[in-house]
Amino acid sequence: MEKQTAIASSCFFLLYIATFTVAEVLEAHHHHHRHNRHGSMKLFVFGDSYVDTGNTGKSVSASWKEPYGINFPGKPAGRFSDGFVLTDYIASFLGVGSPVPYTLRKFVKKSKLESGMNFAYGGTGVFDTVFGGPNLTTQIDFFQQLLEQKLYSTKNDVVNSSIALVSVAGNDYAAYFGNHTEDFAAATKSIIKQLAVDLERIHGLGVRKIAVTAIGPLGCLPRMTSFLSYQNCSEVANLVSIFHNQILRQKVEELNKETKKSSFVILDLYNASLSAIMLPKHHQGYSTLQINSLQINPLKPCCVGVSKEYSCGSVDESGAKKYIVCDKPKLSFFWDTIHPSQNGWHEVYSAIKSSLRQLYL
């Protein structure tokens with residue numbers, strides 16, 4: 001029972017990492033543009049806060065409050081980070097612009113829709129979660145509606161030459177551990193079973209390749225490591241991620257055998273994140289020696305509340321800040337207690353590039 005409680009207290013979301021200057025991102029975009037062998041390629045994104053770039057409502061999300069977005073775009077813009085998230089890096093790799101959030105589709109020029117669309121909402125899951133928001137099935141409904149409205153065409157390979165990114169499931173475990181309606185193994189299999197249905201549906205709507213993320217090490221989230229003074233990851237909590245990822249990998253192998261085209265690619269955020277945490281590198285403008293001398297702790301979040309009742313972005317009734325931002329945000333792995341920083345995401349992105357190349361096979 002104690003072991004189960006320990007697991008429960010850790011499973012709220014996922015984790016990962018990133019940092020780039022705007023100039024570097026533009027350079028990367030130009031460099032990777034040659035990868036876009038199909039002029040009509042688009043990126044369609046589904047999932048939660050790890051890939052959401054602005055769908056979650058301003059009234060309910062800290063992602064629209066300072067200091068989120070301080071590195072990019074310089075102000076809060078709906079990303080759960082100080083800057084770029086996984087979506088932005090994958091779009092850059094594919095040579096397309098970061099897709100417009102679904103909720104903003106009617107407020108941008110039509111040309112902005114040419115890169116695809118982002119249907120991800122923070123706090124959501126494969127199933128409904130304690131945080132509300134459209135689950136994965138509903139997000140795919142939004143996508144299907146746009147296809148039916150001819151906003152995107154399945155003709156001339158406009159959709160068929162495109163790629164989907166699906167990053168979801170962490171919040172499902174938060175919901176599960178809040179209810180305990182079934183045993184953990186059964187819950188995981190139920191989540192993966194529905195996820196597989198959703199992946200097949202996206203593919204059935206015409207998307208050629210689909211990248212689905214494995215869950216990162218939940219036991220390394222600052223929300224979990226805070227109980228260990230940010231010194232170690234929780235091995236018990238990480239078992240949740242390991243089991244989920246094992247079942248996910250088995251299911252994806254089955255799906256690929258069925259399609260006979262290796263249409264589904266797993267992005268291993270677990271090992272990518274763990275590697276970056278244990279062996280930090282690629283910190284913009286800093287050598288490994290400098291990182292060590294600065295004593296940067298990758299398990300400690302950059303932005304935290306001044307006390308337990310506050311979190312990153314909190315203010316009191318008078319509007320006074322109730323959070324603290326670290327001195328070197330561009331060196332952090334985690335931005336807040338759940339989400340990677342821009343630097344953190346860049347570390348993860350660097351580690352999964354070989355998997356991303358499979359999207360072109």
# chains A, B, ... in the order shown; residues from 1 in each chain; ligands from 1
$ residues_around --residues "stretch 308-313 of chain A" --least-positions-apart "6" --cutoff "10 Å" --atoms "only C-alpha atoms" --output "JSON, numbers by chain"
{"A": [61, 62, 63, 64, 65, 66, 67, 68, 301, 302, 321, 322, 323, 324, 325, 335, 336, 337]}
$ write_last_selection --atoms "C-alpha atoms" --output "short mmCIF file (atom, residue, chain, number, x, y, z; two decimals), in the first residue's frame"
data_model
loop_
_atom_site.label_atom_id
_atom_site.label_comp_id
_atom_site.auth_asym_id
_atom_site.auth_seq_id
_atom_site.Cartn_x
_atom_site.Cartn_y
_atom_site.Cartn_z
CA SER A 61 -3.83 28.36 -17.26
CA ALA A 62 -0.60 29.69 -15.78
CA SER A 63 0.92 29.41 -19.27
CA TRP A 64 -0.64 32.80 -20.07
CA LYS A 65 0.89 34.46 -17.01
CA GLU A 66 4.33 35.89 -16.33
CA PRO A 67 7.04 34.63 -16.23
CA TYR A 68 6.04 31.96 -18.79
CA PRO A 301 12.83 23.71 -11.25
CA CYS A 302 13.75 27.22 -12.30
CA LYS A 321 4.52 38.15 -7.41
CA LYS A 322 4.52 35.03 -5.32
CA TYR A 323 7.09 33.11 -7.31
CA ILE A 324 10.85 33.06 -7.79
CA VAL A 325 12.78 32.57 -11.05
CA TRP A 335 10.95 25.26 -15.93
CA ASP A 336 8.33 24.57 -13.25
CA THR A 337 7.45 21.55 -11.12
#
$ select_by_dssp --residues "stretch 119-339 of chain A" --states "strand (DSSP E or B)" --output "PyMOL selection string"
chain A and resi 163-167+209-213+264-267+303-305+315+321+323-325+334
$ atom_distance --atom1 "atom CA of A:Asp52" --atom2 "atom CA of A:Ala120"
4.8 Å
$ closest_residue --among "A:Ser167, A:Gln231, A:Gln194, A:Ser115" --to "A:Val265" --atoms "only C-alpha atoms"
A:Ser167
$ closest_residue --among "A:Ala276, A:Ile140, A:Ile352, A:Ile215" --to "A:His203" --atoms "only C-alpha atoms"
A:Ile140
$ atom_distance --atom1 "atom CA of A:Ala185" --atom2 "atom CA of A:Tyr230"
28.4 Å
$ residues_around --residues "A:Gly204" --least-positions-apart "4" --cutoff "12 Å" --atoms "only C-alpha atoms" --output "list in words"
Ile140, Gln144, Thr154, Val159, Asn160, Val197, Asp198, Leu199, Glu200, Arg208, Lys209, Ile210, Thr259 and Ser263 of chain A
$ closest_residue --among "A:Gly122, A:Pro217, A:Gly95, A:Pro298" --to "A:Gly344" --atoms "only C-alpha atoms"
A:Pro298
$ select_by_dssp --residues "stretch 78-290 of chain A" --states "helix (DSSP H, G or I)" --output "tab-separated table (two decimals) with N, CA and C atoms, in the first residue's frame"
chain	number	residue	atom	x	y	z
A	86	LEU	N	8.25	20.98	-27.17
A	86	LEU	CA	8.58	19.92	-28.12
A	86	LEU	C	8.01	20.18	-29.51
A	87	THR	N	6.80	20.68	-29.58
A	87	THR	CA	6.15	20.98	-30.86
A	87	THR	C	7.02	21.87	-31.74
A	88	ASP	N	7.58	22.92	-31.15
A	88	ASP	CA	8.37	23.90	-31.90
A	88	ASP	C	9.62	23.26	-32.50
A	89	TYR	N	10.26	22.39	-31.74
A	89	TYR	CA	11.48	21.76	-32.24
A	89	TYR	C	11.20	20.75	-33.34
A	90	ILE	N	10.13	20.00	-33.19
A	90	ILE	CA	9.80	19.01	-34.22
A	90	ILE	C	9.36	19.72	-35.50
A	91	ALA	N	8.61	20.82	-35.36
A	91	ALA	CA	8.22	21.58	-36.55
A	91	ALA	C	9.46	22.10	-37.26
A	92	SER	N	10.44	22.58	-36.50
A	92	SER	CA	11.67	23.08	-37.08
A	92	SER	C	12.41	21.96	-37.82
A	93	PHE	N	12.44	20.78	-37.22
A	93	PHE	CA	13.10	19.63	-37.84
A	93	PHE	C	12.44	19.29	-39.18
A	94	LEU	N	11.12	19.40	-39.22
A	94	LEU	CA	10.38	19.05	-40.44
A	94	LEU	C	10.43	20.16	-41.49
A	102	TYR	N	-5.44	25.41	-32.36
A	102	TYR	CA	-6.80	25.24	-32.87
A	102	TYR	C	-7.72	26.41	-32.48
A	103	THR	N	-7.62	26.87	-31.24
A	103	THR	CA	-8.51	27.93	-30.77
A	103	THR	C	-8.24	29.28	-31.42
A	104	LEU	N	-7.09	29.40	-32.07
A	104	LEU	CA	-6.73	30.68	-32.70
A	104	LEU	C	-6.89	30.64	-34.22
A	105	ARG	N	-7.41	29.53	-34.74
A	105	ARG	CA	-7.47	29.33	-36.20
A	105	ARG	C	-8.27	30.39	-36.94
A	106	LYS	N	-9.26	30.98	-36.28
A	106	LYS	CA	-10.11	31.97	-36.94
A	106	LYS	C	-9.56	33.39	-36.80
A	107	PHE	N	-8.46	33.52	-36.08
A	107	PHE	CA	-7.92	34.85	-35.82
A	107	PHE	C	-6.56	35.09	-36.48
A	110	LYS	N	-4.94	33.03	-43.33
A	110	LYS	CA	-5.06	31.67	-43.84
A	110	LYS	C	-3.69	31.06	-44.13
A	111	SER	N	-2.75	31.89	-44.50
A	111	SER	CA	-1.40	31.39	-44.80
A	111	SER	C	-0.75	30.76	-43.56
A	112	LYS	N	-1.18	31.20	-42.38
A	112	LYS	CA	-0.62	30.67	-41.13
A	112	LYS	C	-1.06	29.22	-40.90
A	113	LEU	N	-2.11	28.81	-41.59
A	113	LEU	CA	-2.63	27.46	-41.41
A	113	LEU	C	-1.91	26.43	-42.26
A	114	GLU	N	-1.01	26.92	-43.12
A	114	GLU	CA	-0.33	26.03	-44.06
A	114	GLU	C	0.65	25.06	-43.39
A	115	SER	N	1.05	25.38	-42.16
A	115	SER	CA	1.99	24.50	-41.45
A	115	SER	C	1.28	23.36	-40.74
A	136	LEU	N	-8.20	13.15	-26.01
A	136	LEU	CA	-7.58	12.88	-27.30
A	136	LEU	C	-8.61	12.58	-28.38
A	137	THR	N	-9.64	11.81	-28.04
A	137	THR	CA	-10.68	11.48	-29.02
A	137	THR	C	-11.36	12.75	-29.52
A	138	THR	N	-11.66	13.67	-28.62
A	138	THR	CA	-12.31	14.93	-29.00
A	138	THR	C	-11.40	15.79	-29.84
A	139	GLN	N	-10.11	15.80	-29.52
A	139	GLN	CA	-9.16	16.56	-30.34
A	139	GLN	C	-9.13	16.03	-31.77
A	140	ILE	N	-9.22	14.71	-31.90
A	140	ILE	CA	-9.25	14.13	-33.25
A	140	ILE	C	-10.58	14.47	-33.94
A	141	ASP	N	-11.64	14.58	-33.16
A	141	ASP	CA	-12.92	15.03	-33.72
A	141	ASP	C	-12.76	16.41	-34.36
A	142	PHE	N	-12.04	17.31	-33.67
A	142	PHE	CA	-11.80	18.65	-34.21
A	142	PHE	C	-11.08	18.56	-35.55
A	143	PHE	N	-10.08	17.69	-35.60
A	143	PHE	CA	-9.31	17.49	-36.83
A	143	PHE	C	-10.20	16.98	-37.95
A	144	GLN	N	-11.02	16.00	-37.64
A	144	GLN	CA	-11.91	15.43	-38.65
A	144	GLN	C	-12.90	16.47	-39.18
A	145	GLN	N	-13.39	17.31	-38.29
A	145	GLN	CA	-14.33	18.35	-38.70
A	145	GLN	C	-13.68	19.32	-39.69
A	146	LEU	N	-12.41	19.65	-39.45
A	146	LEU	CA	-11.72	20.55	-40.37
A	146	LEU	C	-11.51	19.90	-41.73
A	147	LEU	N	-11.29	18.58	-41.73
A	147	LEU	CA	-11.15	17.87	-43.00
A	147	LEU	C	-12.49	17.86	-43.74
A	148	GLU	N	-13.57	17.67	-43.00
A	148	GLU	CA	-14.89	17.66	-43.61
A	148	GLU	C	-15.27	19.03	-44.15
A	155	LYS	N	-6.77	15.29	-50.88
A	155	LYS	CA	-6.35	15.17	-52.28
A	155	LYS	C	-4.95	15.75	-52.45
A	156	ASN	N	-4.28	15.33	-53.49
A	156	ASN	CA	-2.94	15.85	-53.81
A	156	ASN	C	-1.95	15.70	-52.66
A	157	ASP	N	-2.20	14.70	-51.79
A	157	ASP	CA	-1.27	14.38	-50.70
A	157	ASP	C	-1.09	15.50	-49.68
A	170	GLY	N	0.24	11.17	-19.50
A	170	GLY	CA	0.66	11.49	-18.14
A	170	GLY	C	-0.49	11.89	-17.25
A	171	ASN	N	-1.38	12.71	-17.78
A	171	ASN	CA	-2.52	13.18	-16.99
A	171	ASN	C	-3.52	12.07	-16.70
A	172	ASP	N	-3.53	11.04	-17.54
A	172	ASP	CA	-4.41	9.90	-17.28
A	172	ASP	C	-4.03	9.19	-15.99
A	173	TYR	N	-2.72	9.18	-15.69
A	173	TYR	CA	-2.29	8.54	-14.46
A	173	TYR	C	-2.64	9.40	-13.24
A	174	ALA	N	-2.66	10.70	-13.41
A	174	ALA	CA	-3.10	11.58	-12.33
A	174	ALA	C	-4.56	11.28	-12.01
A	175	ALA	N	-5.36	11.11	-13.07
A	175	ALA	CA	-6.77	10.79	-12.90
A	175	ALA	C	-6.94	9.42	-12.25
A	176	TYR	N	-6.13	8.47	-12.72
A	176	TYR	CA	-6.23	7.11	-12.18
A	176	TYR	C	-5.93	7.07	-10.69
A	177	PHE	N	-4.83	7.69	-10.29
A	177	PHE	CA	-4.44	7.62	-8.89
A	177	PHE	C	-5.36	8.46	-7.99
A	178	GLY	N	-6.20	9.26	-8.62
A	178	GLY	CA	-7.17	10.01	-7.83
A	178	GLY	C	-8.45	9.22	-7.61
A	179	ASN	N	-8.62	8.12	-8.38
A	179	ASN	CA	-9.86	7.33	-8.30
A	179	ASN	C	-9.65	5.91	-7.78
A	184	PHE	N	-3.54	-1.06	-11.30
A	184	PHE	CA	-2.67	-0.25	-12.14
A	184	PHE	C	-2.42	-0.87	-13.51
A	185	ALA	N	-2.10	-2.16	-13.55
A	185	ALA	CA	-1.82	-2.82	-14.82
A	185	ALA	C	-3.01	-2.74	-15.76
A	186	ALA	N	-4.20	-2.95	-15.22
A	186	ALA	CA	-5.42	-2.88	-16.03
A	186	ALA	C	-5.64	-1.46	-16.54
A	187	ALA	N	-5.34	-0.47	-15.69
A	187	ALA	CA	-5.51	0.93	-16.09
A	187	ALA	C	-4.56	1.27	-17.24
A	188	THR	N	-3.33	0.82	-17.13
A	188	THR	CA	-2.35	1.09	-18.18
A	188	THR	C	-2.77	0.46	-19.50
A	189	LYS	N	-3.20	-0.78	-19.45
A	189	LYS	CA	-3.63	-1.47	-20.66
A	189	LYS	C	-4.85	-0.80	-21.28
A	190	SER	N	-5.72	-0.27	-20.42
A	190	SER	CA	-6.89	0.44	-20.93
A	190	SER	C	-6.49	1.73	-21.63
A	191	ILE	N	-5.54	2.44	-21.04
A	191	ILE	CA	-5.04	3.69	-21.64
A	191	ILE	C	-4.40	3.41	-22.98
A	192	ILE	N	-3.53	2.40	-23.04
A	192	ILE	CA	-2.83	2.07	-24.28
A	192	ILE	C	-3.81	1.56	-25.35
A	193	LYS	N	-4.79	0.79	-24.93
A	193	LYS	CA	-5.79	0.27	-25.88
A	193	LYS	C	-6.53	1.41	-26.57
A	194	GLN	N	-6.97	2.40	-25.79
A	194	GLN	CA	-7.67	3.54	-26.38
A	194	GLN	C	-6.73	4.42	-27.19
A	195	LEU	N	-5.51	4.57	-26.71
A	195	LEU	CA	-4.52	5.34	-27.45
A	195	LEU	C	-4.29	4.72	-28.82
A	196	ALA	N	-4.22	3.41	-28.87
A	196	ALA	CA	-4.02	2.71	-30.15
A	196	ALA	C	-5.19	2.97	-31.09
A	197	VAL	N	-6.39	2.96	-30.55
A	197	VAL	CA	-7.59	3.25	-31.36
A	197	VAL	C	-7.49	4.65	-31.95
A	198	ASP	N	-7.03	5.59	-31.13
A	198	ASP	CA	-6.91	6.98	-31.59
A	198	ASP	C	-5.81	7.13	-32.64
A	199	LEU	N	-4.71	6.42	-32.43
A	199	LEU	CA	-3.62	6.49	-33.41
A	199	LEU	C	-4.08	5.94	-34.76
A	200	GLU	N	-4.79	4.83	-34.73
A	200	GLU	CA	-5.31	4.24	-35.97
A	200	GLU	C	-6.29	5.17	-36.65
A	201	ARG	N	-7.06	5.87	-35.85
A	201	ARG	CA	-8.04	6.80	-36.42
A	201	ARG	C	-7.34	7.96	-37.13
A	202	ILE	N	-6.30	8.51	-36.53
A	202	ILE	CA	-5.54	9.58	-37.17
A	202	ILE	C	-4.97	9.10	-38.50
A	203	HIS	N	-4.41	7.89	-38.47
A	203	HIS	CA	-3.86	7.31	-39.69
A	203	HIS	C	-4.96	7.09	-40.72
A	204	GLY	N	-6.13	6.66	-40.26
A	204	GLY	CA	-7.25	6.43	-41.16
A	204	GLY	C	-7.78	7.70	-41.80
A	218	LEU	N	8.54	9.89	-14.77
A	218	LEU	CA	7.67	10.63	-13.86
A	218	LEU	C	8.32	10.85	-12.50
A	219	GLY	N	9.18	9.93	-12.11
A	219	GLY	CA	9.84	10.06	-10.82
A	219	GLY	C	10.89	11.13	-10.76
A	220	CYS	N	11.20	11.73	-11.91
A	220	CYS	CA	12.19	12.81	-11.94
A	220	CYS	C	11.54	14.19	-11.98
A	222	PRO	N	10.08	17.54	-10.76
A	222	PRO	CA	10.34	18.28	-9.52
A	222	PRO	C	9.22	18.13	-8.49
A	223	ARG	N	7.99	17.97	-8.97
A	223	ARG	CA	6.88	17.76	-8.05
A	223	ARG	C	7.12	16.51	-7.20
A	224	MET	N	7.85	15.57	-7.78
A	224	MET	CA	8.18	14.34	-7.06
A	224	MET	C	9.49	14.45	-6.32
A	225	THR	N	10.51	14.99	-6.99
A	225	THR	CA	11.84	15.05	-6.37
A	225	THR	C	11.93	16.06	-5.24
A	226	SER	N	10.94	16.95	-5.14
A	226	SER	CA	10.94	17.93	-4.04
A	226	SER	C	10.89	17.22	-2.69
A	227	PHE	N	10.25	16.04	-2.66
A	227	PHE	CA	10.19	15.26	-1.43
A	227	PHE	C	11.54	14.64	-1.09
A	228	LEU	N	12.44	14.65	-2.08
A	228	LEU	CA	13.77	14.10	-1.88
A	228	LEU	C	14.83	15.20	-1.95
A	235	GLU	N	12.54	6.05	-7.91
A	235	GLU	CA	12.59	4.83	-8.71
A	235	GLU	C	11.21	4.17	-8.79
A	236	VAL	N	10.46	4.25	-7.71
A	236	VAL	CA	9.12	3.66	-7.69
A	236	VAL	C	8.23	4.35	-8.71
A	237	ALA	N	8.26	5.68	-8.73
A	237	ALA	CA	7.43	6.43	-9.68
A	237	ALA	C	7.86	6.17	-11.12
A	238	ASN	N	9.16	6.02	-11.33
A	238	ASN	CA	9.65	5.76	-12.69
A	238	ASN	C	9.19	4.40	-13.22
A	239	LEU	N	8.84	3.48	-12.31
A	239	LEU	CA	8.32	2.19	-12.74
A	239	LEU	C	7.01	2.33	-13.49
A	240	VAL	N	6.26	3.37	-13.15
A	240	VAL	CA	5.00	3.65	-13.85
A	240	VAL	C	5.29	3.95	-15.31
A	241	SER	N	6.28	4.82	-15.53
A	241	SER	CA	6.67	5.17	-16.89
A	241	SER	C	7.19	3.96	-17.65
A	242	ILE	N	8.03	3.18	-17.00
A	242	ILE	CA	8.64	2.02	-17.65
A	242	ILE	C	7.58	1.03	-18.10
A	243	PHE	N	6.61	0.74	-17.23
A	243	PHE	CA	5.56	-0.21	-17.57
A	243	PHE	C	4.69	0.32	-18.71
A	244	HIS	N	4.31	1.58	-18.61
A	244	HIS	CA	3.51	2.20	-19.68
A	244	HIS	C	4.23	2.11	-21.01
A	245	ASN	N	5.50	2.44	-21.01
A	245	ASN	CA	6.26	2.46	-22.26
A	245	ASN	C	6.45	1.07	-22.85
A	246	GLN	N	6.57	0.06	-21.99
A	246	GLN	CA	6.68	-1.31	-22.48
A	246	GLN	C	5.41	-1.73	-23.22
A	247	ILE	N	4.27	-1.43	-22.63
A	247	ILE	CA	2.99	-1.79	-23.25
A	247	ILE	C	2.78	-0.98	-24.53
A	248	LEU	N	3.18	0.28	-24.48
A	248	LEU	CA	3.05	1.14	-25.66
A	248	LEU	C	3.88	0.59	-26.82
A	249	ARG	N	5.10	0.21	-26.52
A	249	ARG	CA	5.98	-0.30	-27.57
A	249	ARG	C	5.41	-1.58	-28.20
A	250	GLN	N	4.86	-2.45	-27.38
A	250	GLN	CA	4.25	-3.68	-27.90
A	250	GLN	C	3.09	-3.35	-28.84
A	251	LYS	N	2.27	-2.39	-28.42
A	251	LYS	CA	1.10	-2.03	-29.22
A	251	LYS	C	1.50	-1.36	-30.53
A	252	VAL	N	2.50	-0.51	-30.50
A	252	VAL	CA	2.96	0.16	-31.72
A	252	VAL	C	3.55	-0.84	-32.69
A	253	GLU	N	4.25	-1.84	-32.17
A	253	GLU	CA	4.78	-2.90	-33.05
A	253	GLU	C	3.63	-3.62	-33.75
A	254	GLU	N	2.56	-3.87	-33.03
A	254	GLU	CA	1.38	-4.52	-33.61
A	254	GLU	C	0.77	-3.65	-34.70
A	255	LEU	N	0.65	-2.36	-34.42
A	255	LEU	CA	0.06	-1.44	-35.39
A	255	LEU	C	0.90	-1.39	-36.67
A	256	ASN	N	2.20	-1.37	-36.51
A	256	ASN	CA	3.07	-1.31	-37.69
A	256	ASN	C	3.01	-2.59	-38.52
A	257	LYS	N	2.80	-3.72	-37.85
A	257	LYS	CA	2.65	-4.97	-38.59
A	257	LYS	C	1.36	-4.94	-39.40
A	258	GLU	N	0.33	-4.32	-38.84
A	258	GLU	CA	-0.96	-4.25	-39.51
A	258	GLU	C	-0.90	-3.33	-40.73
A	259	THR	N	-0.22	-2.20	-40.59
A	259	THR	CA	-0.14	-1.25	-41.71
A	259	THR	C	0.90	-1.65	-42.72
A	269	LEU	N	11.02	9.63	-25.02
A	269	LEU	CA	11.29	10.75	-24.14
A	269	LEU	C	11.82	10.28	-22.77
A	270	TYR	N	11.57	9.03	-22.45
A	270	TYR	CA	12.05	8.52	-21.15
A	270	TYR	C	13.58	8.53	-21.10
A	271	ASN	N	14.20	7.82	-22.03
A	271	ASN	CA	15.66	7.75	-22.03
A	271	ASN	C	16.31	9.07	-22.43
A	272	ALA	N	15.65	9.81	-23.32
A	272	ALA	CA	16.18	11.11	-23.72
A	272	ALA	C	16.23	12.05	-22.53
A	273	SER	N	15.16	12.05	-21.73
A	273	SER	CA	15.10	12.93	-20.56
A	273	SER	C	16.07	12.48	-19.49
A	274	LEU	N	16.09	11.18	-19.24
A	274	LEU	CA	16.97	10.65	-18.20
A	274	LEU	C	18.43	10.93	-18.53
A	275	SER	N	18.78	10.77	-19.80
A	275	SER	CA	20.15	11.03	-20.24
A	275	SER	C	20.52	12.49	-20.05
A	276	ALA	N	19.59	13.37	-20.39
A	276	ALA	CA	19.86	14.81	-20.27
A	276	ALA	C	19.99	15.23	-18.81
A	277	ILE	N	19.21	14.61	-17.95
A	277	ILE	CA	19.26	14.95	-16.52
A	277	ILE	C	20.56	14.47	-15.91
A	278	MET	N	20.96	13.27	-16.28
A	278	MET	CA	22.16	12.69	-15.69
A	278	MET	C	23.44	13.25	-16.31
A	288	THR	N	30.75	22.50	-20.14
A	288	THR	CA	30.45	21.57	-19.06
A	288	THR	C	31.14	21.99	-17.78
A	289	LEU	N	32.36	22.49	-17.90
A	289	LEU	CA	33.11	22.94	-16.72
A	289	LEU	C	32.38	24.08	-16.03
A	290	GLN	N	31.86	25.02	-16.84
A	290	GLN	CA	31.12	26.14	-16.26
A	290	GLN	C	29.84	25.68	-15.59
$ residues_around --residues "A:Ile266" --least-positions-apart "6" --cutoff "8 Å" --atoms "only C-alpha atoms" --output "ChimeraX atom specification"
/A:211-214,249,252,355
$ write_last_selection --atoms "C-alpha atoms" --output "mmCIF file, in the first residue's frame"
data_model
loop_
_atom_site.group_PDB
_atom_site.id
_atom_site.type_symbol
_atom_site.label_atom_id
_atom_site.label_comp_id
_atom_site.auth_asym_id
_atom_site.auth_seq_id
_atom_site.Cartn_x
_atom_site.Cartn_y
_atom_site.Cartn_z
ATOM 1 C CA ALA A 211 5.029 10.087 -33.937
ATOM 2 C CA VAL A 212 3.827 9.122 -30.465
ATOM 3 C CA THR A 213 5.796 9.940 -27.346
ATOM 4 C CA ALA A 214 6.734 7.489 -24.640
ATOM 5 C CA ARG A 249 5.984 -0.304 -27.571
ATOM 6 C CA VAL A 252 2.960 0.165 -31.718
ATOM 7 C CA SER A 355 13.793 8.652 -34.333
#
$ closest_residue --among "A:Gly206, A:Pro340, A:Pro329, A:Gly47" --to "A:Leu221" --atoms "only C-alpha atoms"
A:Pro340
$ atom_distance --atom1 "atom CA of A:Asp128" --atom2 "atom CA of A:Thr56"
15.0 Å
$ closest_residue --among "A:Val100, A:Leu205, A:Leu299, A:Leu279" --to "A:Ser234" --atoms "only C-alpha atoms"
A:Leu299
